[in-house]
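Novice: Sharing entry36.txt here; it has compact mmCIF, C-alpha atoms (C1' of nucleotides).
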```
# COMPACT_ATOMS: atom_id res chain seq x y z
CA MET A 170 -3.05 11.10 -20.50
CA LYS A 171 -4.38 10.64 -16.98
CA ILE A 172 -2.08 8.52 -14.81
CA ALA A 173 -3.05 7.55 -11.26
CA THR A 174 -1.42 5.73 -8.37
CA PHE A 175 -3.55 3.94 -5.79
CA ASN A 176 -2.54 1.67 -2.90
CA ILE A 177 -5.66 -0.50 -2.79
CA ASN A 178 -4.70 -2.61 0.29
CA GLY A 179 -5.80 -5.97 -1.08
CA ILE A 180 -7.51 -6.58 -4.43
CA LYS A 181 -9.85 -9.25 -3.08
CA ALA A 182 -11.37 -6.75 -0.67
CA ARG A 183 -11.26 -3.81 -3.07
CA ILE A 184 -12.75 -4.98 -6.39
CA ALA A 185 -15.97 -3.02 -5.89
CA ALA A 186 -14.42 0.19 -4.55
CA LEU A 187 -11.66 0.14 -7.16
CA SER A 188 -14.08 -0.52 -10.01
CA ASP A 189 -16.37 2.30 -8.90
CA TRP A 190 -13.45 4.72 -8.78
CA LEU A 191 -12.10 3.60 -12.18
CA ALA A 192 -15.53 4.10 -13.76
CA GLU A 193 -15.77 7.62 -12.38
CA ALA A 194 -12.17 8.85 -12.60
CA GLN A 195 -11.44 7.15 -15.93
CA PRO A 196 -7.66 7.10 -15.61
CA ASP A 197 -5.82 5.98 -18.74
CA VAL A 198 -3.25 4.29 -16.52
CA ALA A 199 -3.71 3.14 -12.91
CA LEU A 200 -0.69 1.99 -10.90
CA LEU A 201 -1.84 -0.24 -8.05
CA GLN A 202 0.05 -1.24 -4.91
CA GLU A 203 -0.56 -3.88 -2.25
CA ILE A 204 -2.61 -6.15 -4.46
CA LYS A 205 -1.72 -8.84 -1.86
CA THR A 206 -2.09 -11.76 -4.24
CA VAL A 207 -0.15 -13.89 -6.68
CA ASP A 208 -0.55 -13.01 -10.36
CA GLU A 209 -3.07 -15.84 -10.89
CA GLY A 210 -5.25 -14.43 -8.08
CA PHE A 211 -5.63 -11.01 -9.67
CA PRO A 212 -9.02 -10.60 -11.40
CA ALA A 213 -7.48 -9.47 -14.69
CA ALA A 214 -10.51 -10.47 -16.78
CA HIS A 215 -12.74 -8.19 -14.71
CA PHE A 216 -10.60 -5.14 -15.50
CA GLU A 217 -10.14 -6.21 -19.12
CA ASP A 218 -13.93 -6.13 -19.36
CA MET A 219 -13.69 -2.50 -18.19
CA GLY A 220 -11.35 -1.71 -21.06
CA TYR A 221 -7.97 -2.09 -19.36
CA ASN A 222 -4.86 -3.99 -20.27
CA VAL A 223 -3.42 -5.62 -17.15
CA ALA A 224 0.13 -6.37 -15.99
CA THR A 225 0.80 -7.72 -12.51
CA HIS A 226 3.77 -8.48 -10.30
CA GLY A 227 2.33 -10.25 -7.29
CA GLN A 228 3.24 -12.48 -4.38
CA LYS A 229 1.25 -14.45 -1.85
CA GLY A 230 -0.45 -12.44 0.86
CA PHE A 231 1.61 -9.27 0.89
CA ASN A 232 2.95 -6.50 -1.31
CA GLY A 233 2.32 -6.86 -5.04
CA VAL A 234 1.92 -4.20 -7.73
CA ALA A 235 -0.05 -3.93 -10.97
CA ILE A 236 -0.63 -1.65 -13.93
CA LEU A 237 -4.01 -1.14 -15.58
CA SER A 238 -3.87 0.74 -18.88
CA LYS A 239 -6.41 1.60 -21.55
CA LEU A 240 -3.47 1.92 -23.96
CA PRO A 241 -1.21 -1.03 -24.81
CA LEU A 242 1.48 -1.91 -22.29
CA GLU A 243 4.87 -2.35 -23.94
CA ASP A 244 8.18 -3.66 -22.60
CA VAL A 245 6.83 -4.62 -19.18
CA THR A 246 9.56 -5.37 -16.62
CA ARG A 247 9.06 -6.67 -13.09
CA GLY A 248 11.22 -6.12 -10.02
CA LEU A 249 13.61 -3.33 -9.04
CA PRO A 250 17.14 -3.95 -10.35
CA GLY A 251 20.11 -4.11 -8.01
CA ASP A 252 19.48 -7.10 -5.73
CA GLU A 253 18.91 -10.55 -7.21
CA ALA A 254 18.09 -11.90 -3.74
CA ASP A 255 15.18 -9.49 -3.18
CA GLU A 256 11.99 -11.52 -3.62
CA GLN A 257 9.49 -8.86 -2.54
CA ALA A 258 7.12 -7.82 -5.34
CA ARG A 259 7.24 -4.04 -5.18
CA TYR A 260 8.12 -2.69 -8.61
CA ILE A 261 6.87 -2.80 -12.22
CA GLU A 262 7.61 -0.75 -15.32
CA ALA A 263 5.97 -0.38 -18.72
CA THR A 264 5.99 1.95 -21.68
CA VAL A 265 2.72 3.59 -22.72
CA THR A 266 2.48 5.60 -25.91
CA GLY A 267 0.16 8.59 -26.15
CA ALA A 268 -0.68 10.79 -29.11
CA HIS A 269 2.37 13.02 -28.55
CA ALA A 270 4.85 11.04 -26.45
CA ALA A 271 5.86 7.60 -25.20
CA LEU A 272 6.16 7.47 -21.41
CA ARG A 273 8.19 5.08 -19.28
CA ILE A 274 5.89 4.48 -16.30
CA CYS A 275 7.13 2.93 -13.04
CA GLY A 276 4.78 1.68 -10.33
CA LEU A 277 6.39 1.18 -6.93
CA TYR A 278 5.55 0.11 -3.40
CA LEU A 279 8.43 1.31 -1.25
CA PRO A 280 9.11 -0.64 1.98
CA ASN A 281 7.48 0.73 5.12
CA GLY A 282 10.69 0.33 7.14
CA ASN A 283 9.27 0.07 10.64
CA PRO A 284 10.42 -0.61 13.24
CA ALA A 285 13.31 1.82 12.89
CA PRO A 286 16.11 1.37 13.48
CA GLY A 287 16.41 -2.30 12.54
CA PRO A 288 16.69 -4.69 9.59
CA LYS A 289 13.42 -3.52 8.04
CA PHE A 290 14.64 0.07 8.09
CA ASP A 291 17.95 -1.03 6.57
CA TYR A 292 15.99 -2.79 3.79
CA LYS A 293 13.99 0.39 3.15
CA LEU A 294 17.11 2.53 2.81
CA ALA A 295 18.82 -0.04 0.58
CA TRP A 296 15.70 -0.21 -1.59
CA MET A 297 15.65 3.58 -1.88
CA ALA A 298 19.30 3.58 -2.98
CA ARG A 299 18.40 1.04 -5.69
CA LEU A 300 15.42 3.18 -6.72
CA ARG A 301 17.72 6.18 -7.05
CA ASP A 302 20.04 4.15 -9.26
CA ARG A 303 17.11 3.09 -11.42
CA ALA A 304 15.82 6.67 -11.62
CA HIS A 305 19.28 7.84 -12.65
CA ALA A 306 19.46 5.20 -15.38
CA LEU A 307 16.01 6.09 -16.70
CA LEU A 308 16.98 9.75 -16.94
CA GLN A 309 19.60 8.76 -19.52
CA SER A 310 16.83 7.67 -21.88
CA GLU A 311 15.10 10.00 -24.31
CA GLU A 312 11.67 9.19 -22.87
CA PRO A 313 9.73 11.15 -20.26
CA VAL A 314 9.61 9.10 -17.03
CA VAL A 315 6.84 8.80 -14.43
CA MET A 316 7.75 7.11 -11.12
CA ALA A 317 4.63 6.83 -9.00
CA GLY A 318 3.40 4.83 -6.07
CA ASP A 319 3.32 4.42 -2.31
CA TYR A 320 6.71 5.85 -1.32
CA ASN A 321 6.07 5.39 2.41
CA VAL A 322 7.86 8.72 2.90
CA ILE A 323 6.41 11.87 4.46
CA PRO A 324 8.61 14.40 2.62
CA ALA A 325 8.18 17.32 5.06
CA ASP A 326 6.40 18.17 8.30
CA GLU A 327 3.65 19.96 6.38
CA ASP A 328 2.77 16.58 4.82
CA ALA A 329 1.48 15.25 8.17
CA SER A 330 -1.42 16.38 10.30
CA ARG A 331 0.60 15.64 13.45
CA PRO A 332 4.28 15.67 12.43
CA GLU A 333 5.42 15.22 16.03
CA ALA A 334 3.70 11.81 16.10
CA TRP A 335 5.79 10.66 13.12
CA ALA A 336 9.16 12.16 14.02
CA ASP A 337 10.79 8.82 14.93
CA ASP A 338 8.83 6.74 12.42
CA ALA A 339 10.50 5.18 9.38
CA LEU A 340 8.18 7.25 7.16
CA ALA A 341 9.54 10.58 8.41
CA ARG A 342 13.05 9.92 9.73
CA PRO A 343 15.74 12.20 8.34
CA GLN A 344 17.42 9.25 6.55
CA SER A 345 14.14 8.46 4.72
CA ARG A 346 13.58 12.09 3.80
CA ASP A 347 17.18 12.44 2.66
CA ALA A 348 16.89 9.38 0.43
CA PHE A 349 13.68 10.75 -1.10
CA ARG A 350 15.36 14.12 -1.59
CA ARG A 351 18.30 12.46 -3.32
CA ILE A 352 15.91 11.10 -5.94
CA LEU A 353 14.29 14.51 -6.43
CA ASN A 354 17.75 16.03 -6.72
CA LEU A 355 18.43 13.94 -9.80
CA GLY A 356 15.95 16.26 -11.48
CA PHE A 357 12.55 14.78 -10.62
CA THR A 358 9.52 16.87 -9.73
CA ASP A 359 6.99 16.01 -7.01
CA ALA A 360 3.96 16.59 -9.24
CA PHE A 361 1.58 17.41 -6.41
CA ARG A 362 3.91 20.03 -4.92
CA ALA A 363 4.45 21.56 -8.35
CA ARG A 364 0.81 22.61 -8.29
CA THR A 365 -0.34 22.84 -4.65
CA ARG A 366 1.44 24.39 -1.67
CA GLY A 367 0.73 24.30 2.02
CA PRO A 368 -0.40 21.80 4.68
CA GLY A 369 -3.53 19.69 4.88
CA HIS A 370 -3.12 17.52 1.76
CA TYR A 371 -2.96 13.81 2.57
CA THR A 372 -3.16 10.46 0.79
CA PHE A 373 -3.36 8.06 3.76
CA TRP A 374 -5.46 7.94 6.89
CA ASP A 375 -5.08 5.02 9.29
CA TYR A 376 -8.10 2.79 9.86
CA GLN A 377 -7.61 3.23 13.60
CA ALA A 378 -8.69 5.92 16.00
CA GLY A 379 -11.01 7.75 13.64
CA ALA A 380 -8.10 9.14 11.63
CA TRP A 381 -10.25 10.01 8.61
CA ARG A 382 -12.96 11.64 10.72
CA ARG A 383 -10.33 13.79 12.42
CA ASN A 384 -8.38 14.36 9.16
CA ASP A 385 -5.33 12.88 10.86
CA GLY A 386 -3.52 12.00 7.64
CA ILE A 387 -0.16 11.89 5.91
CA ARG A 388 0.99 12.45 2.31
CA ILE A 389 3.02 9.38 1.31
CA ASP A 390 1.77 8.51 -2.19
CA HIS A 391 3.68 10.50 -4.79
CA VAL A 392 4.04 11.01 -8.53
CA LEU A 393 7.59 11.92 -9.52
CA LEU A 394 8.22 13.29 -13.01
CA SER A 395 11.43 13.50 -14.99
CA PRO A 396 12.13 16.92 -16.56
CA GLN A 397 10.66 15.78 -19.90
CA ALA A 398 7.53 14.48 -18.13
CA ALA A 399 7.21 17.57 -15.91
CA ASP A 400 7.07 19.69 -19.06
CA LEU A 401 3.86 17.81 -19.95
CA LEU A 402 2.14 18.30 -16.56
CA SER A 403 -1.21 20.08 -16.66
CA ASP A 404 -2.83 18.89 -13.42
CA CYS A 405 -2.25 16.80 -10.28
CA ARG A 406 -4.87 16.02 -7.65
CA ILE A 407 -5.69 13.73 -4.74
CA ASP A 408 -9.07 11.98 -4.82
CA SER A 409 -9.45 12.21 -1.04
CA GLU A 410 -13.24 11.98 -1.07
CA ILE A 411 -13.29 8.23 -1.66
CA ARG A 412 -11.67 7.61 1.75
CA GLY A 413 -15.12 8.22 3.24
CA ARG A 414 -16.91 5.57 1.18
CA GLU A 415 -17.91 1.98 1.97
CA LYS A 416 -15.02 -0.45 2.50
CA PRO A 417 -12.30 2.03 1.51
CA SER A 418 -8.59 1.44 1.24
CA ASP A 419 -6.59 3.34 3.84
CA HIS A 420 -4.94 5.17 0.90
CA VAL A 421 -6.62 7.29 -1.80
CA PRO A 422 -5.60 7.83 -5.45
CA VAL A 423 -3.25 10.57 -6.65
CA TRP A 424 -3.34 11.39 -10.34
CA VAL A 425 -1.61 13.54 -12.92
CA GLU A 426 -2.79 14.80 -16.28
CA LEU A 427 0.05 14.86 -18.81
CA ASP A 428 -0.16 16.27 -22.34
CA ALA A 429 1.34 13.10 -23.74
C1' DA B 255 -5.03 4.04 26.95
C1' DT B 256 -7.30 2.43 23.14
C1' DG B 257 -9.50 2.63 18.95
C1' DT B 258 -8.64 -1.26 12.30
C1' DC B 259 -8.05 -3.69 8.39
C1' DG B 260 -6.58 -7.59 4.89
C1' DT B 261 -4.57 -11.99 4.16
C1' DA B 262 -3.21 -16.78 5.28
C1' DA B 263 -3.78 -20.97 7.72
C1' DC B 264 -2.66 -26.90 11.47
C1' DG B 265 -9.10 -21.68 10.32
C1' DT B 266 -15.06 -20.69 13.97
C1' DT B 267 -9.01 -17.76 15.95
C1' DT B 268 -4.45 -16.29 15.74
C1' DA B 269 -0.40 -14.19 13.61
C1' DC B 270 1.57 -10.87 10.87
C1' DG B 271 2.15 -6.62 8.30
C1' DA B 272 0.73 -2.10 7.85
```
Starting from the file, lay out its structure as structure tokens.

Specialist:
Amino acid sequence: MKIATFNINGIKARIAALSDWLAEAQPDVALLQEIKTVDEGFPAAHFEDMGYNVATHGQKGFNGVAILSKLPLEDVTRGLPGDEADEQARYIEATVTGAHAALRICGLYLPNGNPAPGPKFDYKLAWMARLRDRAHALLQSEEPVVMAGDYNVIPADEDASRPEAWADDALARPQSRDAFRRILNLGFTDAFRARTRGPGHYTFWDYQAGAWRRNDGIRIDHVLLSPQAADLLSDCRIDSEIRGREKPSDHVPVWVELDA
DNA sequence: ATGTCGTAACGTTTACGA
């Protein structure tokens, strides 16, 4: 089963680029972030025509996540538990059953957190604590778990082209890295790092200042696997090439192949 | 030093978030 995460930065502006990539990459499941629309504004019928089941958790203008799946989506839940007052649409879960295993799949758009310090950074850290709690709870289940999305965390200096430029940023601050590490320490595997070592592997390049042309990128989109899911991992790659196409998102897809 | 997008709205331009 091929499972991808892709921050599309607005579905209205990305229908063509997303559809082209889906047709080529043929993921079984695509977790989308920053759909930037309410549920009714998401072109579900278009993706159903491409063979996908669609589940969305949107809001007006900002944020918003979705799951596209060639296999049926079961037990869909929306929103990250732990704060009834949180109205930002950043989290969705569903179960997808393959030939050999049923996977609990979580799509997430973690808060950016800038400027830091400040209330937005506090919200990011609180959200990460809730995500850790959810990850811990999911580990108690019998199912393999995939938690993938835009984590807005640069895990280590080697995950940035210019780490010094990000040192004080909410994406790379020690508190953000520690919170990410605390989730990994529950027993999750960073799928990309399980297969590829070293610098120079990025998932985001800013639109500004020719970042793509200069390969001035950061690795902030991640696929985390529970131990049962990590046992199924056969490949993990970043589709960086599509960043150079017409009307690209500022992020590119990351995908895993699981023997599920 | 700056460089860009996408979305919404009291819209032909500005504000915000990233």

Novice: Quick one: distance from atom CA of Asp319 of chain A to atom CA of Arg382 of chain A in Å, one decimal?

Specialist: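 Atom-to-atom, atom CA of Asp319 of chain A and atom CA of Arg382 of chain A are spaced 22.1 Å apart.
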
Novice: Mind listing as an mmCIF file with C-alpha atoms (C1' of nucleotides), keeping the file's coordinate frame which residues of chain B are within 9 Å of chain A, counting all atoms listed in the file?

Specialist:
```
data_model
loop_
_atom_site.group_PDB
_atom_site.id
_atom_site.type_symbol
_atom_site.label_atom_id
_atom_site.label_comp_id
_atom_site.auth_asym_id
_atom_site.auth_seq_id
_atom_site.Cartn_x
_atom_site.Cartn_y
_atom_site.Cartn_z
ATOM 1 C "C1'" DT B 256 -7.300 2.430 23.140
ATOM 2 C "C1'" DG B 257 -9.500 2.630 18.950
ATOM 3 C "C1'" DT B 258 -8.640 -1.260 12.300
ATOM 4 C "C1'" DC B 259 -8.050 -3.690 8.390
ATOM 5 C "C1'" DG B 260 -6.580 -7.590 4.890
ATOM 6 C "C1'" DT B 261 -4.570 -11.990 4.160
ATOM 7 C "C1'" DA B 262 -3.210 -16.780 5.280
ATOM 8 C "C1'" DG B 271 2.150 -6.620 8.300
ATOM 9 C "C1'" DA B 272 0.730 -2.100 7.850
#
```

Novice: Using atom CA of Gln202 of chain A and atom CA of Ile236 of chain A as the two end points, give the distance in Å to one decimal.

Specialist: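 Separation of atom CA of Gln202 of chain A and atom CA of Ile236 of chain A: 9.1 Å.
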
Novice: Interatomic distance between atom CA of Met316 of chain A and atom CA of Leu393 of chain A?

Specialist: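 Going from atom CA of Met316 of chain A over to atom CA of Leu393 of chain A covers 5.1 Å.
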
Novice: For a quick check of understanding, using all atoms listed in the file, which of A:Ala363, A:Val234, A:Val423, A:Ala399 has the smallest distance to Ala258 of chain A?

Specialist: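 So, comparing all the options, the nearest one is A:Val234.
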
Novice: Could I see segment 208-225 of chain A restored to N, CA and C atoms, set down as a JSON list (two decimals), in the frame of the given file?

Specialist:
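Saved result, part.json, follows:
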```
[["chain", "number", "residue", "atom", "x", "y", "z"],
["A", 208, "ASP", "N", -0.03, -13.47, -9.06],
["A", 208, "ASP", "CA", -0.55, -13.01, -10.36],
["A", 208, "ASP", "C", -1.85, -13.73, -10.74],
["A", 209, "GLU", "N", -1.90, -15.05, -10.47],
["A", 209, "GLU", "CA", -3.07, -15.84, -10.89],
["A", 209, "GLU", "C", -4.31, -15.45, -10.08],
["A", 210, "GLY", "N", -4.12, -14.81, -8.91],
["A", 210, "GLY", "CA", -5.25, -14.43, -8.08],
["A", 210, "GLY", "C", -5.81, -13.07, -8.41],
["A", 211, "PHE", "N", -5.15, -12.35, -9.32],
["A", 211, "PHE", "CA", -5.63, -11.01, -9.67],
["A", 211, "PHE", "C", -6.74, -11.12, -10.72],
["A", 212, "PRO", "N", -7.88, -10.47, -10.49],
["A", 212, "PRO", "CA", -9.02, -10.60, -11.40],
["A", 212, "PRO", "C", -8.82, -9.79, -12.68],
["A", 213, "ALA", "N", -7.83, -10.22, -13.48],
["A", 213, "ALA", "CA", -7.48, -9.47, -14.69],
["A", 213, "ALA", "C", -8.67, -9.37, -15.66],
["A", 214, "ALA", "N", -9.41, -10.46, -15.81],
["A", 214, "ALA", "CA", -10.51, -10.47, -16.78],
["A", 214, "ALA", "C", -11.56, -9.40, -16.43],
["A", 215, "HIS", "N", -11.77, -9.19, -15.14],
["A", 215, "HIS", "CA", -12.74, -8.19, -14.71],
["A", 215, "HIS", "C", -12.35, -6.79, -15.21],
["A", 216, "PHE", "N", -11.05, -6.48, -15.08],
["A", 216, "PHE", "CA", -10.60, -5.14, -15.50],
["A", 216, "PHE", "C", -10.43, -5.06, -17.02],
["A", 217, "GLU", "N", -10.16, -6.19, -17.65],
["A", 217, "GLU", "CA", -10.14, -6.21, -19.12],
["A", 217, "GLU", "C", -11.53, -5.91, -19.65],
["A", 218, "ASP", "N", -12.55, -6.43, -18.96],
["A", 218, "ASP", "CA", -13.93, -6.13, -19.36],
["A", 218, "ASP", "C", -14.24, -4.65, -19.23],
["A", 219, "MET", "N", -13.50, -3.95, -18.34],
["A", 219, "MET", "CA", -13.69, -2.50, -18.19],
["A", 219, "MET", "C", -12.83, -1.71, -19.17],
["A", 220, "GLY", "N", -12.11, -2.40, -20.02],
["A", 220, "GLY", "CA", -11.35, -1.71, -21.06],
["A", 220, "GLY", "C", -9.87, -1.53, -20.76],
["A", 221, "TYR", "N", -9.38, -2.25, -19.74],
["A", 221, "TYR", "CA", -7.97, -2.09, -19.36],
["A", 221, "TYR", "C", -7.12, -3.29, -19.77],
["A", 222, "ASN", "N", -5.91, -2.99, -20.20],
["A", 222, "ASN", "CA", -4.86, -3.99, -20.27],
["A", 222, "ASN", "C", -4.27, -4.14, -18.86],
["A", 223, "VAL", "N", -3.83, -5.33, -18.52],
["A", 223, "VAL", "CA", -3.42, -5.62, -17.15],
["A", 223, "VAL", "C", -2.04, -6.26, -17.13],
["A", 224, "ALA", "N", -1.16, -5.73, -16.27],
["A", 224, "ALA", "CA", 0.13, -6.37, -15.99],
["A", 224, "ALA", "C", 0.30, -6.40, -14.49],
["A", 225, "THR", "N", 0.66, -7.59, -13.96],
["A", 225, "THR", "CA", 0.80, -7.72, -12.51],
["A", 225, "THR", "C", 2.19, -8.23, -12.14]]
```
